[in-house]
>>> print(open('coords.cif').read())   # mmCIF, C-alpha atoms
data_query
#
loop_
_atom_site.group_PDB
_atom_site.id
_atom_site.type_symbol
_atom_site.label_atom_id
_atom_site.label_comp_id
_atom_site.auth_asym_id
_atom_site.auth_seq_id
_atom_site.Cartn_x
_atom_site.Cartn_y
_atom_site.Cartn_z
ATOM 1 C CA MET K 117 -6.607 6.332 9.784
ATOM 2 C CA ASN K 118 -7.158 3.734 7.051
ATOM 3 C CA PHE K 119 -10.754 2.773 6.359
ATOM 4 C CA SER K 120 -12.889 1.076 3.736
ATOM 5 C CA LEU K 121 -16.504 0.701 2.687
ATOM 6 C CA HIS K 122 -16.393 -3.020 3.435
ATOM 7 C CA ASP K 123 -18.557 -4.454 6.161
ATOM 8 C CA CYS K 124 -15.493 -5.469 8.194
ATOM 9 C CA ASP K 125 -14.778 -1.769 8.792
ATOM 10 C CA LEU K 126 -18.257 -0.242 8.746
ATOM 11 C CA SER K 127 -19.636 -2.834 11.168
ATOM 12 C CA LEU K 128 -17.173 -1.638 13.817
ATOM 13 C CA PHE K 129 -19.214 1.585 13.870
ATOM 14 C CA GLU K 130 -22.628 -0.012 13.281
ATOM 15 C CA HIS K 131 -22.599 1.476 9.757
ATOM 16 C CA ASP K 132 -23.014 4.910 11.315
ATOM 17 C CA TRP K 133 -20.716 7.563 9.835
ATOM 18 C CA ASN K 134 -21.489 9.882 12.746
ATOM 19 C CA LYS K 135 -19.868 7.304 15.016
ATOM 20 C CA VAL K 136 -16.856 7.198 12.691
ATOM 21 C CA GLY K 137 -16.571 10.968 12.963
ATOM 22 C CA SER K 138 -16.839 10.903 16.753
ATOM 23 C CA PHE K 139 -14.164 8.213 16.957
ATOM 24 C CA LEU K 140 -11.826 10.285 14.779
ATOM 25 C CA HIS K 141 -12.439 13.356 16.923
ATOM 26 C CA THR K 142 -11.685 11.384 20.101
ATOM 27 C CA HIS K 143 -8.268 10.478 18.739
ATOM 28 C CA GLY K 144 -7.512 13.897 17.288
ATOM 29 C CA LEU K 145 -7.584 12.636 13.708
ATOM 30 C CA ASP K 146 -8.626 14.724 10.708
ATOM 31 C CA GLY K 147 -10.298 12.001 8.660
ATOM 32 C CA VAL K 148 -9.791 8.704 6.884
ATOM 33 C CA GLU K 149 -7.792 7.357 3.978
ATOM 34 C CA LEU K 150 -10.520 5.387 2.223
ATOM 35 C CA PHE K 151 -9.992 2.328 0.037
ATOM 36 C CA ILE K 152 -11.942 2.706 -3.201
ATOM 37 C CA ASP K 153 -11.985 1.075 -6.621
ATOM 38 C CA HIS K 154 -13.558 1.728 -10.035
ATOM 39 C CA THR K 155 -17.116 0.770 -9.086
ATOM 40 C CA PRO K 156 -19.765 3.421 -8.285
ATOM 41 C CA LEU K 157 -19.450 4.816 -4.778
ATOM 42 C CA PRO K 158 -22.332 4.565 -2.284
ATOM 43 C CA ASP K 159 -23.628 7.598 -0.422
ATOM 44 C CA PHE K 160 -21.511 8.650 2.539
ATOM 45 C CA PRO K 161 -20.299 11.975 3.992
ATOM 46 C CA CYS K 162 -17.406 12.838 1.699
ATOM 47 C CA GLY K 163 -15.905 15.465 3.987
ATOM 48 C CA ILE K 164 -14.558 12.779 6.276
ATOM 49 C CA VAL K 165 -12.285 11.453 3.498
ATOM 50 C CA LYS K 166 -8.890 13.145 3.209
ATOM 51 C CA GLY K 167 -7.271 10.719 0.779
ATOM 52 C CA VAL K 168 -7.944 7.398 -0.902
ATOM 53 C CA HIS K 169 -6.127 4.161 -1.475
ATOM 54 C CA LEU K 170 -6.492 2.950 -5.040
ATOM 55 C CA PRO K 171 -6.749 -0.788 -5.854
ATOM 56 C CA TYR K 172 -3.642 -2.951 -6.190
ATOM 57 C CA TRP K 173 -3.649 -5.597 -8.912
ATOM 58 C CA MET K 174 -0.902 -8.020 -7.908
ATOM 59 C CA GLY K 175 -0.118 -9.422 -11.362
ATOM 60 C CA LYS K 176 -0.508 -6.217 -13.375
ATOM 61 C CA HIS K 177 3.153 -6.219 -14.442
ATOM 62 C CA ARG K 178 2.958 -9.628 -16.131
ATOM 63 C CA ALA K 179 -0.286 -8.838 -17.909
ATOM 64 C CA TRP K 180 1.036 -5.475 -19.108
ATOM 65 C CA VAL K 181 4.229 -6.889 -20.633
ATOM 66 C CA ASP K 182 2.602 -10.103 -21.935
ATOM 67 C CA GLU K 183 -1.006 -9.716 -23.028
ATOM 68 C CA SER K 184 -1.374 -13.493 -23.391
ATOM 69 C CA ALA K 185 -1.718 -13.549 -19.589
ATOM 70 C CA PHE K 186 -5.269 -12.228 -20.010
ATOM 71 C CA HIS K 187 -6.204 -15.406 -21.885
ATOM 72 C CA GLU K 188 -5.017 -17.898 -19.269
ATOM 73 C CA ASP K 189 -7.525 -20.416 -17.984
ATOM 74 C CA MET K 190 -8.878 -18.720 -14.846
ATOM 75 C CA ASP K 191 -12.234 -17.469 -13.637
ATOM 76 C CA GLU K 192 -13.218 -13.819 -13.950
ATOM 77 C CA ASN K 193 -12.692 -13.079 -10.248
ATOM 78 C CA GLU K 194 -9.127 -14.328 -10.365
ATOM 79 C CA ARG K 195 -8.399 -12.493 -13.617
ATOM 80 C CA PHE K 196 -9.670 -9.203 -12.250
ATOM 81 C CA PHE K 197 -7.924 -9.622 -8.890
ATOM 82 C CA LEU K 198 -4.581 -10.274 -10.574
ATOM 83 C CA PHE K 199 -4.754 -8.021 -13.625
ATOM 84 C CA GLY K 200 -7.439 -5.404 -12.971
ATOM 85 C CA GLY K 201 -9.328 -6.067 -16.182
ATOM 86 C CA ARG K 202 -9.913 -8.230 -19.238
ATOM 87 C CA ASP K 203 -7.201 -6.568 -21.341
ATOM 88 C CA ARG K 204 -4.902 -3.549 -21.338
ATOM 89 C CA GLN K 205 -7.624 -1.080 -22.233
ATOM 90 C CA ASP K 206 -9.903 -2.474 -19.547
ATOM 91 C CA MET K 207 -7.105 -2.023 -16.970
ATOM 92 C CA ILE K 208 -6.666 1.588 -18.020
ATOM 93 C CA THR K 209 -10.407 2.277 -17.980
ATOM 94 C CA ASN K 210 -10.812 0.810 -14.494
ATOM 95 C CA PHE K 211 -7.828 2.797 -13.206
ATOM 96 C CA ILE K 212 -9.200 6.039 -14.671
ATOM 97 C CA ASN K 213 -12.619 5.316 -13.163
ATOM 98 C CA ALA K 214 -11.001 4.858 -9.752
ATOM 99 C CA LEU K 215 -9.225 8.212 -10.151
ATOM 100 C CA GLU K 216 -12.497 9.873 -11.119
ATOM 101 C CA ASN K 217 -14.149 8.353 -8.036
ATOM 102 C CA ALA K 218 -11.365 9.876 -5.921
ATOM 103 C CA ALA K 219 -11.862 13.278 -7.541
ATOM 104 C CA SER K 220 -15.637 13.103 -7.057
ATOM 105 C CA ILE K 221 -15.212 12.990 -3.259
ATOM 106 C CA ASN K 222 -12.497 15.691 -3.285
ATOM 107 C CA ALA K 223 -9.733 13.386 -2.104
ATOM 108 C CA GLU K 224 -6.421 15.189 -1.872
ATOM 109 C CA TYR K 225 -4.428 12.169 -3.029
ATOM 110 C CA GLY K 226 -4.682 8.579 -4.226
ATOM 111 C CA VAL K 227 -2.209 5.950 -3.005
ATOM 112 C CA PHE K 228 -0.960 3.557 -5.682
ATOM 113 C CA HIS K 229 1.325 0.531 -5.260
ATOM 114 C CA VAL K 230 4.288 0.210 -7.601
ATOM 115 C CA ALA K 231 4.979 -3.482 -7.160
ATOM 116 C CA TYR K 232 4.528 -6.953 -8.627
ATOM 117 C CA VAL K 233 3.901 -10.222 -6.833
ATOM 118 C CA GLU K 234 1.743 -13.127 -7.850
ATOM 119 C CA PRO K 235 0.139 -15.177 -5.091
ATOM 120 C CA HIS K 236 2.563 -18.117 -5.122
ATOM 121 C CA HIS K 237 5.554 -15.731 -5.105
ATOM 122 C CA VAL K 238 4.825 -14.742 -1.520
ATOM 123 C CA PHE K 239 5.873 -18.250 -0.444
ATOM 124 C CA THR K 240 8.867 -18.770 -2.740
ATOM 125 C CA ARG K 241 10.269 -15.236 -3.229
ATOM 126 C CA ASN K 242 11.340 -16.468 -6.692
ATOM 127 C CA PHE K 243 10.082 -13.405 -8.524
ATOM 128 C CA GLU K 244 12.152 -13.742 -11.714
ATOM 129 C CA VAL K 245 11.814 -10.024 -12.364
ATOM 130 C CA SER K 246 13.809 -6.969 -11.310
ATOM 131 C CA ASP K 247 12.724 -3.796 -9.550
ATOM 132 C CA ILE K 248 13.556 -1.809 -12.678
ATOM 133 C CA GLU K 249 11.402 -4.013 -14.913
ATOM 134 C CA VAL K 250 8.392 -3.600 -12.622
ATOM 135 C CA MET K 251 8.888 0.147 -12.337
ATOM 136 C CA ASP K 252 9.246 0.444 -16.121
ATOM 137 C CA SER K 253 6.001 -1.412 -16.805
ATOM 138 C CA THR K 254 4.217 0.587 -14.105
ATOM 139 C CA ALA K 255 5.474 3.888 -15.495
ATOM 140 C CA GLU K 256 4.311 2.854 -18.974
ATOM 141 C CA PHE K 257 0.871 1.927 -17.597
ATOM 142 C CA LEU K 258 0.592 5.192 -15.681
ATOM 143 C CA ASN K 259 1.809 7.332 -18.583
ATOM 144 C CA SER K 260 -0.622 5.615 -20.974
ATOM 145 C CA SER K 261 -3.509 6.164 -18.563
ATOM 146 C CA VAL K 262 -2.744 9.755 -17.611
ATOM 147 C CA ALA K 263 -2.268 10.726 -21.263
ATOM 148 C CA LEU K 264 -6.001 10.129 -21.732
ATOM 149 C CA LEU K 265 -6.969 12.543 -18.941
ATOM 150 C CA SER K 266 -7.748 16.231 -19.149
ATOM 151 C CA GLY K 267 -4.520 18.211 -19.118
ATOM 152 C CA ARG K 268 -2.599 14.926 -19.192
ATOM 153 C CA GLU K 269 -2.423 15.014 -15.380
ATOM 154 C CA PRO K 270 -4.197 12.893 -12.733
ATOM 155 C CA PRO K 271 -7.252 14.621 -11.195
ATOM 156 C CA VAL K 272 -5.884 13.792 -7.728
ATOM 157 C CA LYS K 273 -2.215 13.624 -6.814
ATOM 158 C CA LEU K 274 -0.876 10.075 -7.144
ATOM 159 C CA PHE K 275 1.051 8.952 -4.047
ATOM 160 C CA PHE K 276 3.355 6.039 -4.932
ATOM 161 C CA GLU K 277 3.682 3.590 -2.061
ATOM 162 C CA ASN K 278 6.592 1.252 -1.370
ATOM 163 C CA LEU K 279 6.095 -2.469 -0.868
ATOM 164 C CA TRP K 280 8.650 -5.206 -0.200
ATOM 165 C CA TRP K 281 8.073 -7.013 -3.478
ATOM 166 C CA PRO K 282 9.838 -6.204 -6.784
ATOM 167 C CA GLY K 283 9.225 -2.594 -7.760
ATOM 168 C CA LEU K 284 9.335 0.467 -5.541
ATOM 169 C CA ASN K 285 10.777 -0.874 -2.288
ATOM 170 C CA LEU K 286 13.079 2.159 -1.687
ATOM 171 C CA LEU K 287 16.156 0.014 -1.028
ATOM 172 C CA ASP K 288 17.816 1.009 -4.310
ATOM 173 C CA THR K 289 18.019 4.786 -4.659
ATOM 174 C CA ALA K 290 19.122 4.569 -8.304
ATOM 175 C CA ALA K 291 16.087 2.429 -9.178
ATOM 176 C CA THR K 292 13.771 4.886 -7.427
ATOM 177 C CA MET K 293 15.295 7.797 -9.349
ATOM 178 C CA HIS K 294 14.917 5.828 -12.592
ATOM 179 C CA PHE K 295 11.201 5.430 -11.896
ATOM 180 C CA VAL K 296 10.813 9.140 -11.173
ATOM 181 C CA ASP K 297 12.565 10.013 -14.419
ATOM 182 C CA SER K 298 10.209 7.708 -16.363
ATOM 183 C CA LEU K 299 7.044 9.571 -15.380
ATOM 184 C CA GLU K 300 5.537 11.929 -17.963
ATOM 185 C CA PHE K 301 3.330 13.923 -15.567
ATOM 186 C CA GLU K 302 3.914 16.067 -12.484
ATOM 187 C CA ASN K 303 0.971 15.509 -10.137
ATOM 188 C CA TRP K 304 2.618 12.814 -8.009
ATOM 189 C CA ALA K 305 4.411 12.244 -4.719
ATOM 190 C CA PHE K 306 5.335 9.290 -2.502
ATOM 191 C CA THR K 307 3.683 7.589 0.443
ATOM 192 C CA LEU K 308 6.352 6.147 2.706
ATOM 193 C CA ASP K 309 5.032 2.997 4.345
ATOM 194 C CA THR K 310 7.254 2.458 7.394
ATOM 195 C CA GLY K 311 6.215 -1.140 8.025
ATOM 196 C CA HIS K 312 6.664 -2.110 4.373
ATOM 197 C CA LEU K 313 10.183 -0.686 4.426
ATOM 198 C CA MET K 314 10.942 -2.769 7.513
ATOM 199 C CA ASN K 315 9.659 -5.840 5.654
ATOM 200 C CA ALA K 316 11.920 -5.026 2.702
ATOM 201 C CA ILE K 317 14.963 -4.679 4.970
ATOM 202 C CA MET K 318 14.038 -8.173 6.259
ATOM 203 C CA ASN K 319 16.148 -8.216 9.451
ATOM 204 C CA CYS K 320 13.936 -6.026 11.646
ATOM 205 C CA THR K 321 13.251 -7.932 14.854
ATOM 206 C CA ASP K 322 13.119 -5.185 17.474
ATOM 207 C CA GLU K 323 11.617 -1.728 17.302
ATOM 208 C CA ARG K 324 14.690 0.420 17.953
ATOM 209 C CA HIS K 325 16.730 -1.421 15.335
ATOM 210 C CA ALA K 326 13.833 -1.140 12.880
ATOM 211 C CA ILE K 327 13.619 2.633 13.409
ATOM 212 C CA ASP K 328 17.366 2.975 12.868
ATOM 213 C CA SER K 329 17.167 0.838 9.713
ATOM 214 C CA VAL K 330 14.378 2.951 8.226
ATOM 215 C CA LEU K 331 16.300 6.156 8.929
ATOM 216 C CA GLU K 332 19.442 4.666 7.389
ATOM 217 C CA VAL K 333 17.585 3.958 4.128
ATOM 218 C CA LEU K 334 15.984 7.409 4.063
ATOM 219 C CA GLU K 335 19.316 9.149 4.620
ATOM 220 C CA ARG K 336 20.537 7.788 1.266
ATOM 221 C CA TYR K 337 18.010 9.940 -0.601
ATOM 222 C CA PRO K 338 18.487 13.551 -1.734
ATOM 223 C CA GLU K 339 16.367 16.266 -0.162
ATOM 224 C CA ASP K 340 14.131 16.670 -3.200
ATOM 225 C CA ILE K 341 13.017 13.033 -3.019
ATOM 226 C CA ILE K 342 12.403 13.232 0.728
ATOM 227 C CA GLY K 343 10.394 16.369 -0.006
ATOM 228 C CA ARG K 344 8.235 14.304 -2.381
ATOM 229 C CA MET K 345 7.292 11.943 0.483
ATOM 230 C CA GLU K 346 4.088 13.789 1.202
ATOM 231 C CA GLY K 347 2.246 10.796 2.663
ATOM 232 C CA MET K 348 3.150 8.276 5.332
ATOM 233 C CA HIS K 349 1.555 5.004 6.348
ATOM 234 C CA PHE K 350 2.694 4.749 9.930
ATOM 235 C CA HIS K 351 2.991 1.350 11.596
ATOM 236 C CA CYS K 352 5.632 -1.103 12.741
ATOM 237 C CA SER K 353 6.503 -4.566 11.404
ATOM 238 C CA LEU K 354 9.083 -6.755 13.141
ATOM 239 C CA SER K 355 8.800 -9.912 11.066
ATOM 240 C CA GLY K 356 12.502 -10.463 10.357
ATOM 241 C CA ASP K 357 12.668 -13.783 12.203
ATOM 242 C CA TYR K 358 9.522 -15.073 10.507
ATOM 243 C CA GLN K 359 10.754 -14.058 7.063
ATOM 244 C CA MET K 360 14.060 -15.840 7.636
ATOM 245 C CA GLN K 361 12.276 -18.993 8.824
ATOM 246 C CA VAL K 362 9.965 -19.260 5.828
ATOM 247 C CA ALA K 363 12.261 -17.848 3.130
ATOM 248 C CA LYS K 364 12.882 -21.295 1.645
ATOM 249 C CA SER K 365 9.745 -23.109 2.775
ATOM 250 C CA GLY K 366 8.166 -22.994 -0.654
ATOM 251 C CA VAL K 367 4.531 -23.279 -1.704
ATOM 252 C CA PRO K 368 2.383 -25.205 0.807
ATOM 253 C CA ALA K 369 1.476 -28.755 -0.178
ATOM 254 C CA GLY K 370 -1.731 -28.897 -2.194
ATOM 255 C CA TYR K 371 -1.817 -25.123 -2.716
ATOM 256 C CA HIS K 372 -2.183 -25.218 -6.511
ATOM 257 C CA GLU K 373 -5.136 -27.631 -6.298
ATOM 258 C CA LEU K 374 -7.169 -25.262 -4.117
ATOM 259 C CA PRO K 375 -9.921 -23.018 -5.524
ATOM 260 C CA PHE K 376 -8.801 -19.434 -6.065
ATOM 261 C CA HIS K 377 -10.554 -18.104 -2.956
ATOM 262 C CA GLU K 378 -8.849 -20.671 -0.708
ATOM 263 C CA ARG K 379 -5.468 -19.973 -2.286
ATOM 264 C CA LEU K 380 -6.022 -16.282 -1.632
ATOM 265 C CA VAL K 381 -6.887 -16.934 2.019
ATOM 266 C CA ALA K 382 -3.629 -18.883 2.443
ATOM 267 C CA VAL K 383 -1.667 -16.058 0.812
ATOM 268 C CA MET K 384 -3.260 -13.369 2.968
ATOM 269 C CA GLU K 385 -2.636 -15.335 6.167
ATOM 270 C CA HIS K 386 1.036 -15.609 5.241
ATOM 271 C CA ILE K 387 1.292 -11.934 4.270
ATOM 272 C CA SER K 388 -0.297 -10.851 7.557
ATOM 273 C CA LYS K 389 2.541 -12.577 9.437
ATOM 274 C CA ILE K 390 5.066 -10.573 7.406
ATOM 275 C CA ASP K 391 3.213 -7.258 7.301
ATOM 276 C CA GLN K 392 2.232 -6.985 10.947
ATOM 277 C CA HIS K 393 0.734 -3.465 11.103
ATOM 278 C CA MET K 394 1.589 -3.071 14.782
ATOM 279 C CA PRO K 395 1.578 0.287 16.566
ATOM 280 C CA PHE K 396 4.882 1.916 17.388
ATOM 281 C CA THR K 397 5.571 1.976 21.122
ATOM 282 C CA ASP K 398 9.008 3.629 21.176
ATOM 283 C CA GLU K 399 9.062 7.432 21.217
ATOM 284 C CA ARG K 400 11.958 7.366 18.725
ATOM 285 C CA CYS K 401 9.382 6.613 16.018
ATOM 286 C CA LYS K 402 8.920 10.382 15.873
ATOM 287 C CA GLU K 403 12.412 10.623 14.355
ATOM 288 C CA ILE K 404 11.020 9.092 11.154
ATOM 289 C CA VAL K 405 8.177 11.613 11.049
ATOM 290 C CA ASP K 406 10.528 14.508 11.815
ATOM 291 C CA PHE K 407 12.923 13.394 9.065
ATOM 292 C CA VAL K 408 10.274 13.121 6.347
ATOM 293 C CA LYS K 409 7.790 15.777 7.515
ATOM 294 C CA PRO K 410 4.833 14.309 5.569
ATOM 295 C CA ARG K 411 1.727 16.367 4.811
ATOM 296 C CA PHE K 412 -0.479 13.371 5.583
ATOM 297 C CA LEU K 413 0.217 10.719 8.222
ATOM 298 C CA THR K 414 -2.119 7.727 8.197
ATOM 299 C CA HIS K 415 -2.218 5.372 11.165
ATOM 300 C CA GLU K 416 -2.581 2.101 9.262
ATOM 301 C CA PHE K 417 -3.721 -0.932 11.251
ATOM 302 C CA GLU K 418 -5.609 -4.168 10.693
ATOM 303 C CA THR K 419 -8.101 -4.839 13.476
ATOM 304 C CA ASN K 420 -10.992 -7.147 14.307
ATOM 305 C CA SER K 421 -12.754 -4.980 16.881
ATOM 306 C CA LEU K 422 -13.273 -1.380 17.866
ATOM 307 C CA PRO K 423 -11.467 -1.825 21.220
ATOM 308 C CA GLU K 424 -8.450 -3.213 19.362
ATOM 309 C CA LEU K 425 -8.423 -0.256 16.955
ATOM 310 C CA ASP K 426 -8.817 2.149 19.875
ATOM 311 C CA ARG K 427 -5.921 0.530 21.745
ATOM 312 C CA LYS K 428 -3.583 0.552 18.743
ATOM 313 C CA LEU K 429 -4.311 4.192 17.965
ATOM 314 C CA ARG K 430 -3.800 5.262 21.574
ATOM 315 C CA THR K 431 -0.538 3.319 21.803
ATOM 316 C CA GLN K 432 0.947 4.823 18.650
ATOM 317 C CA ILE K 433 -0.259 8.373 19.268
ATOM 318 C CA GLN K 434 1.164 8.240 22.795
ATOM 319 C CA ALA K 435 4.516 7.088 21.396
ATOM 320 C CA LEU K 436 4.499 9.970 18.915
ATOM 321 C CA CYS K 437 3.634 12.556 21.546
ATOM 322 C CA ARG K 438 5.809 11.234 24.377
ATOM 323 C CA GLU K 439 8.780 13.370 25.372
ATOM 324 C CA ARG K 440 12.028 11.645 24.506
ATOM 325 C CA GLU K 441 14.491 11.056 27.323
#
>>> encode(input="coords.cif", output="structure tokens")
Amino acid sequence: MNFSLHDCDLSLFEHDWNKVGSFLHTHGLDGVELFIDHTPLPDFPCGIVKGVHLPYWMGKHRAWVDESAFHEDMDENERFFLFGGRDRQDMITNFINALENAASINAEYGVFHVAYVEPHHVFTRNFEVSDIEVMDSTAEFLNSSVALLSGREPPVKLFFENLWWPGLNLLDTAATMHFVDSLEFENWAFTLDTGHLMNAIMNCTDERHAIDSVLEVLERYPEDIIGRMEGMHFHCSLSGDYQMQVAKSGVPAGYHELPFHERLVAVMEHISKIDQHMPFTDERCKEIVDFVKPRFLTHEFETNSLPELDRKLRTQIQALCRERE
């Protein structure tokens, strides 16, 4: 399951990693996919971590293609959140440090988003950039970073995750293949995020239709690309109606006058209504797993309490294990 070192997750288990381990065992899970960044890691039992999720800097594309973005009038927190550093070299250094953190705890993979969206874009959907442009800048960033590493390969396998913003959304097979061809290293694979793909399709309003839509997209890909989908973030998102309702609503009144933290809260509240992270309940969800056959399946939920997390895990695992009629 997904997990982090933030208090919102650790407090569910009273900051006791033994309780985390017992909870995993109860649900038949092998470990956690842990969110990490470039900062030094605290002490914790590393064996519980199977993979990591690397940080996502929303505006990295713009900063990479136009270095003047680093010099915009914004506070340091906003600059780092958007761009991941003070300049290109700082971005690369922080990314490499995150990879080295992953290697230090023997993570088998590191999930990395290939996408671009700035906070106000989530309301307008006026991105003014193509999937190819975002994938090109990301490939250039990755190639530049990996070239500095020993053997010119990442120390943990990079798992590229799809989002529903410009970049790797999996809707355009040719664009995906273009990204693959742009990489200058071999230690990579994909993480298929089922809910994110449903968000990208945009018309998913019921679970059975959403499952069919995901399978339809996957069937467009050749076997070698499906074989590269070694990870899966497994959850359901049925936000089609909401996305249609707000598609043209625009930026909320007064948004740009808010402090950065308050703008970010508004953005995250909106995103949570799109990216619902609900458990699958229909046994046909197993068709997605059977089609892809990932090495790692992560139950990815957002929860506010341990009973809620327990319920969501039980619901989804039961759907996966239920005999189909």
>>> residues_around(input="coords.cif", residues="stretch 163-178 of chain K", least_positions_apart="2", cutoff="8 Å", atoms="all atoms listed in the file", output="PDB file with C-alpha atoms, in the coordinates of the input")
ATOM      1  CA  GLY K 137     -16.571  10.968  12.963  1.00  0.00           C
ATOM      2  CA  ASP K 146      -8.626  14.724  10.708  1.00  0.00           C
ATOM      3  CA  GLY K 147     -10.298  12.001   8.660  1.00  0.00           C
ATOM      4  CA  VAL K 148      -9.791   8.704   6.884  1.00  0.00           C
ATOM      5  CA  GLU K 149      -7.792   7.357   3.978  1.00  0.00           C
ATOM      6  CA  LEU K 150     -10.520   5.387   2.223  1.00  0.00           C
ATOM      7  CA  PHE K 151      -9.992   2.328   0.037  1.00  0.00           C
ATOM      8  CA  ILE K 152     -11.942   2.706  -3.201  1.00  0.00           C
ATOM      9  CA  ASP K 153     -11.985   1.075  -6.621  1.00  0.00           C
ATOM     10  CA  PRO K 161     -20.299  11.975   3.992  1.00  0.00           C
ATOM     11  CA  TRP K 180       1.036  -5.475 -19.108  1.00  0.00           C
ATOM     12  CA  VAL K 181       4.229  -6.889 -20.633  1.00  0.00           C
ATOM     13  CA  ASP K 182       2.602 -10.103 -21.935  1.00  0.00           C
ATOM     14  CA  GLU K 183      -1.006  -9.716 -23.028  1.00  0.00           C
ATOM     15  CA  ALA K 185      -1.718 -13.549 -19.589  1.00  0.00           C
ATOM     16  CA  PHE K 196      -9.670  -9.203 -12.250  1.00  0.00           C
ATOM     17  CA  PHE K 197      -7.924  -9.622  -8.890  1.00  0.00           C
ATOM     18  CA  LEU K 198      -4.581 -10.274 -10.574  1.00  0.00           C
ATOM     19  CA  PHE K 199      -4.754  -8.021 -13.625  1.00  0.00           C
ATOM     20  CA  GLY K 200      -7.439  -5.404 -12.971  1.00  0.00           C
ATOM     21  CA  ALA K 214     -11.001   4.858  -9.752  1.00  0.00           C
ATOM     22  CA  LEU K 215      -9.225   8.212 -10.151  1.00  0.00           C
ATOM     23  CA  ALA K 218     -11.365   9.876  -5.921  1.00  0.00           C
ATOM     24  CA  ILE K 221     -15.212  12.990  -3.259  1.00  0.00           C
ATOM     25  CA  ASN K 222     -12.497  15.691  -3.285  1.00  0.00           C
ATOM     26  CA  ALA K 223      -9.733  13.386  -2.104  1.00  0.00           C
ATOM     27  CA  GLU K 224      -6.421  15.189  -1.872  1.00  0.00           C
ATOM     28  CA  TYR K 225      -4.428  12.169  -3.029  1.00  0.00           C
ATOM     29  CA  GLY K 226      -4.682   8.579  -4.226  1.00  0.00           C
ATOM     30  CA  VAL K 227      -2.209   5.950  -3.005  1.00  0.00           C
ATOM     31  CA  PHE K 228      -0.960   3.557  -5.682  1.00  0.00           C
ATOM     32  CA  HIS K 229       1.325   0.531  -5.260  1.00  0.00           C
ATOM     33  CA  ALA K 231       4.979  -3.482  -7.160  1.00  0.00           C
ATOM     34  CA  TYR K 232       4.528  -6.953  -8.627  1.00  0.00           C
ATOM     35  CA  VAL K 233       3.901 -10.222  -6.833  1.00  0.00           C
ATOM     36  CA  GLU K 234       1.743 -13.127  -7.850  1.00  0.00           C
ATOM     37  CA  PRO K 235       0.139 -15.177  -5.091  1.00  0.00           C
ATOM     38  CA  VAL K 250       8.392  -3.600 -12.622  1.00  0.00           C
ATOM     39  CA  SER K 253       6.001  -1.412 -16.805  1.00  0.00           C
ATOM     40  CA  THR K 254       4.217   0.587 -14.105  1.00  0.00           C
TER      41      THR K 254
END
>>> resolve_selection(input="coords.cif", expression="the PyMOL selection byres ((chain K and resi 287) around 12)", output="MDAnalysis selection string")
chainID K and resid 247 278:286 288:293 312:318 329:337
>>> closest_residue(input="coords.cif", among="K:Glu418, K:Asp406, K:Asp340, K:Glu378", to="K:His393", atoms="all atoms listed in the file")
K:Glu418
>>> residues_near_point(input="coords.cif", point="(-2.8, -20.3, -6.7)", cutoff="12 Å", atoms="only C-alpha atoms", output="list in words")
Met190, Glu194, Arg195, Leu198, Glu234, Pro235, His236, His237, Val238, Phe239, Val367, Pro368, Ala369, Gly370, Tyr371, His372, Glu373, Leu374, Pro375, Phe376, His377, Glu378, Arg379, Leu380, Val381, Ala382, Val383 and Met384 of chain K
>>> atom_distance(input="coords.cif", atom1="atom CA of K:Thr209", atom2="atom CA of K:Ser298")
21.4 Å
>>> resolve_selection(input="coords.cif", expression="the PyMOL selection byres ((chain K and resi 415) around 9)", output="ChimeraX atom specification")
/K:117-118,348-351,395,413-414,416-417,429,432-433
>>> axis_aligned_box(input="coords.cif", around="stretch 201-208 of chain K", padding_each_side="5 Å", output="AutoDock Vina command-line options")
--center_x -7.4 --center_y -3.3 --center_z -19.2 --size_x 15.0 --size_y 19.8 --size_z 16.1
>>> atom_distance(input="coords.cif", atom1="atom CA of K:Ala305", atom2="atom CA of K:Ala179")
25.3 Å
>>> resolve_selection(input="coords.cif", expression="the PyMOL selection byres ((chain K and resi 343) around 12)", output="NGL selection string")
:K and (304-308 or 334 or 337-342 or 344-347 or 406-411)
>>> build_atoms(input="coords.cif", residues="stretch 142-146 of chain K", atoms="N, CA, C and O atoms", output="short mmCIF file (atom, residue, chain, number, x, y, z; two decimals), in the frame of the given file")
data_model
loop_
_atom_site.label_atom_id
_atom_site.label_comp_id
_atom_site.auth_asym_id
_atom_site.auth_seq_id
_atom_site.Cartn_x
_atom_site.Cartn_y
_atom_site.Cartn_z
N THR K 142 -12.22 11.84 18.82
CA THR K 142 -11.68 11.38 20.10
C THR K 142 -10.18 11.20 20.04
O THR K 142 -9.46 11.50 21.01
N HIS K 143 -9.70 10.75 18.88
CA HIS K 143 -8.27 10.48 18.74
C HIS K 143 -7.50 11.64 18.09
O HIS K 143 -6.31 11.51 17.79
N GLY K 144 -8.19 12.75 17.87
CA GLY K 144 -7.51 13.90 17.29
C GLY K 144 -7.13 13.72 15.84
O GLY K 144 -6.15 14.32 15.36
N LEU K 145 -7.89 12.90 15.12
CA LEU K 145 -7.58 12.64 13.71
C LEU K 145 -8.46 13.49 12.81
O LEU K 145 -9.59 13.83 13.15
N ASP K 146 -7.93 13.82 11.63
CA ASP K 146 -8.63 14.72 10.71
C ASP K 146 -9.59 14.02 9.77
O ASP K 146 -10.44 14.67 9.15
#
